[in-house]
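Chemist: Sharing input_7.txt here; it has compact mmCIF, C-alpha atoms.
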# COMPACT_ATOMS: atom_id res chain seq x y z
CA MET T 1 58.62 63.20 33.52
CA PRO T 2 59.31 59.50 32.94
CA VAL T 3 61.75 57.47 35.02
CA ARG T 4 64.29 57.26 32.17
CA GLU T 5 64.72 61.04 32.05
CA ILE T 6 65.11 61.19 35.83
CA ILE T 7 67.93 58.61 35.65
CA ALA T 8 69.53 60.58 32.81
CA TYR T 9 69.35 63.80 34.82
CA ILE T 10 70.93 62.04 37.80
CA PHE T 11 73.85 60.96 35.58
CA MET T 12 74.22 64.47 34.11
CA GLY T 13 74.07 66.11 37.55
CA ALA T 14 76.80 63.83 38.90
CA GLY T 15 78.93 64.65 35.84
CA ALA T 16 78.34 68.37 36.36
CA ILE T 17 79.46 68.11 40.00
CA PHE T 18 82.65 66.33 38.90
CA ALA T 19 83.21 69.02 36.25
CA VAL T 20 82.99 71.72 38.96
CA ILE T 21 85.57 69.77 40.99
CA THR T 22 87.81 69.65 37.89
CA ALA T 23 87.64 73.41 37.25
CA VAL T 24 88.18 74.34 40.90
CA GLY T 25 91.09 71.90 41.18
CA LEU T 26 92.65 73.24 37.99
CA ILE T 27 92.60 76.74 39.42
CA ARG T 28 93.26 76.19 43.12
CA PHE T 29 95.83 73.37 43.32
CA PRO T 30 99.38 74.51 44.09
CA ASP T 31 101.49 72.23 41.90
CA VAL T 32 101.63 71.07 38.29
CA TYR T 33 101.25 67.38 39.15
CA THR T 34 98.30 67.91 41.48
CA ARG T 35 96.58 69.83 38.68
CA LEU T 36 97.36 66.93 36.34
CA HIS T 37 95.81 64.58 38.89
CA ALA T 38 92.62 66.66 38.95
CA VAL T 39 92.36 66.74 35.16
CA ALA T 40 93.27 63.08 34.59
CA VAL T 41 90.99 61.41 37.10
CA VAL T 42 88.02 63.69 37.67
CA LEU T 43 87.59 65.02 34.12
CA THR T 44 87.49 61.47 32.73
CA ILE T 45 84.69 60.34 35.02
CA SER T 46 82.86 63.62 34.41
CA ALA T 47 82.88 63.24 30.63
CA VAL T 48 81.91 59.57 30.83
CA LEU T 49 78.99 60.28 33.18
CA ILE T 50 77.69 63.16 31.02
CA THR T 51 77.83 61.15 27.80
CA VAL T 52 76.17 58.10 29.40
CA GLY T 53 73.45 60.42 30.69
CA ILE T 54 72.90 61.86 27.21
CA ALA T 55 72.77 58.34 25.76
CA ILE T 56 70.06 57.41 28.28
CA TYR T 57 68.22 60.68 27.57
CA VAL T 58 68.12 60.14 23.79
CA TRP T 59 67.23 56.41 23.94
CA GLU T 60 67.35 55.54 20.25
CA LEU T 61 69.44 52.53 19.37
CA TYR T 62 72.08 53.71 16.88
CA LEU T 63 72.30 57.27 18.22
CA SER T 64 72.79 56.00 21.78
CA LEU T 65 75.44 53.55 20.58
CA LYS T 66 77.31 56.38 18.86
CA ILE T 67 77.17 58.51 22.01
CA LEU T 68 78.45 55.53 24.01
CA LEU T 69 81.28 55.28 21.47
CA ILE T 70 82.19 58.90 22.32
CA SER T 71 82.09 57.91 26.01
CA LEU T 72 84.44 54.97 25.40
CA PHE T 73 86.76 57.24 23.46
CA PHE T 74 86.91 59.75 26.34
CA LEU T 75 87.60 56.88 28.73
CA ILE T 76 90.62 55.86 26.64
CA SER T 77 91.95 59.16 25.31
CA ASN T 78 91.93 61.43 28.35
CA PRO T 79 94.26 59.30 30.56
CA MET T 80 96.55 58.75 27.56
CA ALA T 81 96.82 62.49 26.88
CA THR T 82 97.46 63.42 30.51
CA HIS T 83 99.99 60.60 30.90
CA SER T 84 101.86 61.82 27.85
CA ILE T 85 101.85 65.41 29.14
CA ALA T 86 103.11 64.32 32.57
CA ARG T 87 105.85 62.16 31.03
CA ALA T 88 107.10 65.00 28.82
CA SER T 89 106.93 67.45 31.70
CA TYR T 90 108.92 65.23 34.05
CA ARG T 91 111.53 63.91 31.65
CA ARG T 92 112.35 67.29 30.11
CA LYS T 93 112.24 68.99 33.55
CA ILE T 94 109.70 71.59 32.42
CA ALA T 95 108.15 71.52 35.87
CA LEU T 96 109.36 69.52 38.84
CA PRO T 97 107.28 68.81 41.96
CA LYS T 98 107.90 71.20 44.84
CA GLU T 99 108.24 68.69 47.65
CA LYS T 100 108.80 65.03 46.95
CA ASP T 101 108.79 62.37 49.61
CA VAL T 102 108.95 59.34 47.33
CA ASP T 103 110.33 59.65 43.82
CA ASP T 104 110.86 56.26 42.21
CA TYR T 105 110.71 57.49 38.65
CA SER T 106 113.91 59.58 38.88
CA ASP T 107 115.74 56.55 40.30
CA TYR T 108 114.39 54.50 37.41
CA LEU T 109 115.57 57.10 34.90
CA GLU T 110 119.05 57.25 36.44
CA ARG T 111 119.36 53.48 36.37
CA GLY T 112 118.19 53.41 32.78
CA GLU T 113 120.71 55.97 31.61
CA LYS T 114 123.71 54.28 33.23
CA MET V 1 67.64 71.78 32.02
CA ILE V 2 69.65 70.97 28.87
CA PRO V 3 70.41 74.63 27.85
CA GLY V 4 71.16 75.39 31.51
CA LEU V 5 73.77 72.62 31.54
CA ALA V 6 75.25 73.96 28.28
CA ILE V 7 75.60 77.49 29.71
CA PHE V 8 77.06 76.01 32.92
CA PHE V 9 79.75 74.14 30.97
CA VAL V 10 80.61 77.28 28.98
CA LEU V 11 81.13 79.11 32.30
CA LEU V 12 83.37 76.28 33.55
CA ALA V 13 85.42 76.52 30.34
CA LEU V 14 85.78 80.27 30.94
CA LEU V 15 87.13 79.43 34.41
CA CYS V 16 89.74 77.22 32.75
CA VAL V 17 90.76 80.05 30.39
CA TYR V 18 92.15 81.78 33.52
CA ARG V 19 94.63 78.93 34.01
CA LEU V 20 95.34 78.91 30.27
CA ILE V 21 96.42 82.56 30.41
CA ILE V 22 98.35 82.79 33.70
CA GLY V 23 99.78 79.25 33.78
CA PRO V 24 103.44 79.40 34.81
CA THR V 25 104.68 76.53 32.65
CA ILE V 26 103.65 74.97 29.35
CA THR V 27 102.19 71.94 31.16
CA ASP V 28 99.51 74.07 32.83
CA ARG V 29 98.54 75.53 29.49
CA LEU V 30 98.35 72.07 27.88
CA ILE V 31 96.11 70.59 30.57
CA ALA V 32 93.91 73.69 30.56
CA ALA V 33 93.53 73.31 26.78
CA ASP V 34 92.65 69.63 27.27
CA THR V 35 89.97 70.52 29.82
CA ILE V 36 88.51 73.24 27.57
CA GLY V 37 88.36 70.77 24.67
CA VAL V 38 86.43 68.18 26.67
CA PHE V 39 84.02 70.81 28.02
CA MET V 40 83.41 72.24 24.55
CA SER V 41 82.67 68.80 23.08
CA LEU V 42 80.11 68.27 25.86
CA VAL V 43 78.59 71.69 25.07
CA MET V 44 78.32 70.67 21.41
CA LEU V 45 76.50 67.49 22.46
CA PHE V 46 74.06 69.54 24.52
CA ILE V 47 73.43 71.94 21.62
CA GLY V 48 72.73 69.03 19.27
CA LEU V 49 70.38 67.53 21.83
CA TYR V 50 68.45 70.77 22.34
CA TYR V 51 67.99 71.67 18.67
CA ASN V 52 67.54 68.00 17.49
CA ILE V 53 70.63 68.05 15.28
CA TYR V 54 71.53 64.36 15.08
CA LEU V 55 74.57 65.03 12.91
CA MET V 56 76.22 66.78 15.87
CA VAL V 57 77.18 63.40 17.38
CA ASP V 58 79.45 62.62 14.41
CA ILE V 59 80.93 66.12 14.57
CA VAL V 60 81.68 65.67 18.29
CA LEU V 61 83.35 62.31 17.60
CA ALA V 62 85.62 63.84 14.94
CA TYR V 63 86.35 66.82 17.20
CA ALA V 64 87.30 64.58 20.13
CA VAL V 65 89.70 62.56 17.94
CA LEU V 66 91.22 65.77 16.56
CA PHE V 67 91.91 67.43 19.88
CA PHE V 68 93.25 64.18 21.36
CA VAL V 69 95.78 63.90 18.53
CA ASP V 70 96.53 67.61 18.97
CA ILE V 71 97.37 67.28 22.67
CA LEU V 72 99.42 64.14 21.95
CA ILE V 73 101.46 65.87 19.23
CA PHE V 74 102.11 68.88 21.47
CA SER V 75 103.31 66.73 24.36
CA LYS V 76 105.55 64.63 22.10
CA TYR V 77 106.99 67.83 20.64
CA PHE V 78 107.85 69.18 24.07
CA GLU V 79 109.38 65.86 25.06
CA HIS V 80 111.68 65.54 22.02
CA ARG V 81 112.27 69.22 21.56
CA GLU V 82 115.95 69.04 20.67
CA LEU V 83 115.18 66.99 17.56
CA TYR V 84 113.41 69.95 15.98
CA LYS V 85 116.13 72.58 16.33
If you took the structure in this file and wrote it as structure tokens, what would it be?

Modeler:
Amino acid sequence: MPVREIIAYIFMGAGAIFAVITAVGLIRFPDVYTRLHAVAVVLTISAVLITVGIAIYVWELYLSLKILLISLFFLISNPMATHSIARASYRRKIALPKEKDVDDYSDYLERGEK
Amino acid sequence: MIPGLAIFFVLLALLCVYRLIIGPTITDRLIAADTIGVFMSLVMLFIGLYYNIYLMVDIVLAYAVLFFVDILIFSKYFEHRELYK
């Protein structure tokens, strides 16, 4: 097994570990916003690591560049989607956090509406 | 190693189906659908890598764009819901 495939498998294994953390967090976390945190942060780095690992594993110029384009798209799209979901969920009061110590966004919304 | 990773990601997506079914609010269902979409696109990449289907990369790119727009439209609909009554 050449060194390039070993590096690719290291990337894919790290991405698989982050994916396990995502699934367990999505099931076990108590609140909507903590689940959103798990999906937004950990799933993004998981998808980026897996696609970079596949791009190293394939190692042909245009195919690897296309797979890196998918990686860049995940890096942009997944935080945008989760941010949009969290914004809709907070502003329309679909789900509110159970215990809030600091809540600047509701103060901002009240100031904006007055 | 590659088909093992594909089966592993299918099992993780099945774990997320649990949250998709029991989720108390619509937000849980949306983020579970987002997670399943990302996992399934990675599974499609693994399948294309194992069977040497190079066209699968383009299909995954189109699929990622489509489910991103899908999640965005759903969240915008639930934010401006009173406009559609």

Chemist: Build an axis-aligned box that encloses every atom of segment 39-56 of chain V listed in the file, pad it by 5 Å on each side, and report its centre and edge lengths in Å to one decimal, as JSON.

Modeler:
{"center_x": 75.8, "center_y": 68.3, "center_z": 20.5, "size_x": 26.5, "size_y": 17.9, "size_z": 25.1}

Chemist: Taking 5 positions as the minimum chain separation for residues in the same chain, which residues sit within 10 Å of Leu55 of chain V when counting only C-alpha atoms? Answer as a JSON list (two decimals) with C-alpha atoms, in the frame of the given file.

Modeler:
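around-v8.json was written with the following content:
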[["chain", "number", "residue", "atom", "x", "y", "z"],
["T", 63, "LEU", "CA", 72.30, 57.27, 18.22],
["V", 48, "GLY", "CA", 72.73, 69.03, 19.27],
["V", 60, "VAL", "CA", 81.68, 65.67, 18.29]]

Chemist: Take atom CA of Phe68 of chain V and atom CA of Ser77 of chain T and report the distance between them in Å, one decimal.

Modeler: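 The value is 6.5 Å.
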
Chemist: List the spatial neighbours of segment 18-33 of chain V as a ChimeraX atom specification - criterion: any atom at most 7 Å away, all atoms listed in the file, same-chain residues fewer than 4 positions off excluded.

Modeler: /T:27,32,36,85,89,95 /V:37

Chemist: Any idea what the distance is between atom CA of Leu75 of chain T and atom CA of Ile45 of chain T?

Modeler: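 That distance, rounded to one decimal, is 7.7 Å.
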
Chemist: Taking only C-alpha atoms into account, find every residue of chain T that has an atom no more than 9 Å from chain V, and write it out as a VMD selection string.

Modeler: chain T and resid 9 12 to 13 16 19 to 20 22 to 24 26 to 27 32 35 to 36 39 to 40 43 47 50 to 51 54 58 63 66 to 67 69 to 70 73 to 74 77 to 78 80 to 82 84 to 89 91 to 92 94 to 95

Chemist: Could you work out how far atom CA of Tyr63 of chain V lies from atom CA of Met40 of chain V, giving the answer in Å with one decimal?

Modeler: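 Calculated distance between atom CA of Met40 of chain V and atom CA of Tyr63 of chain V is 9.6 Å.
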
Chemist: So, counting all atoms listed in the file, which residue among T:Leu65, T:Ala55, T:Ile21, T:Leu72 is closest to Ala8 of chain T?

Modeler: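 The shortest atom-to-atom distance to Ala8 of chain T comes from T:Ala55.
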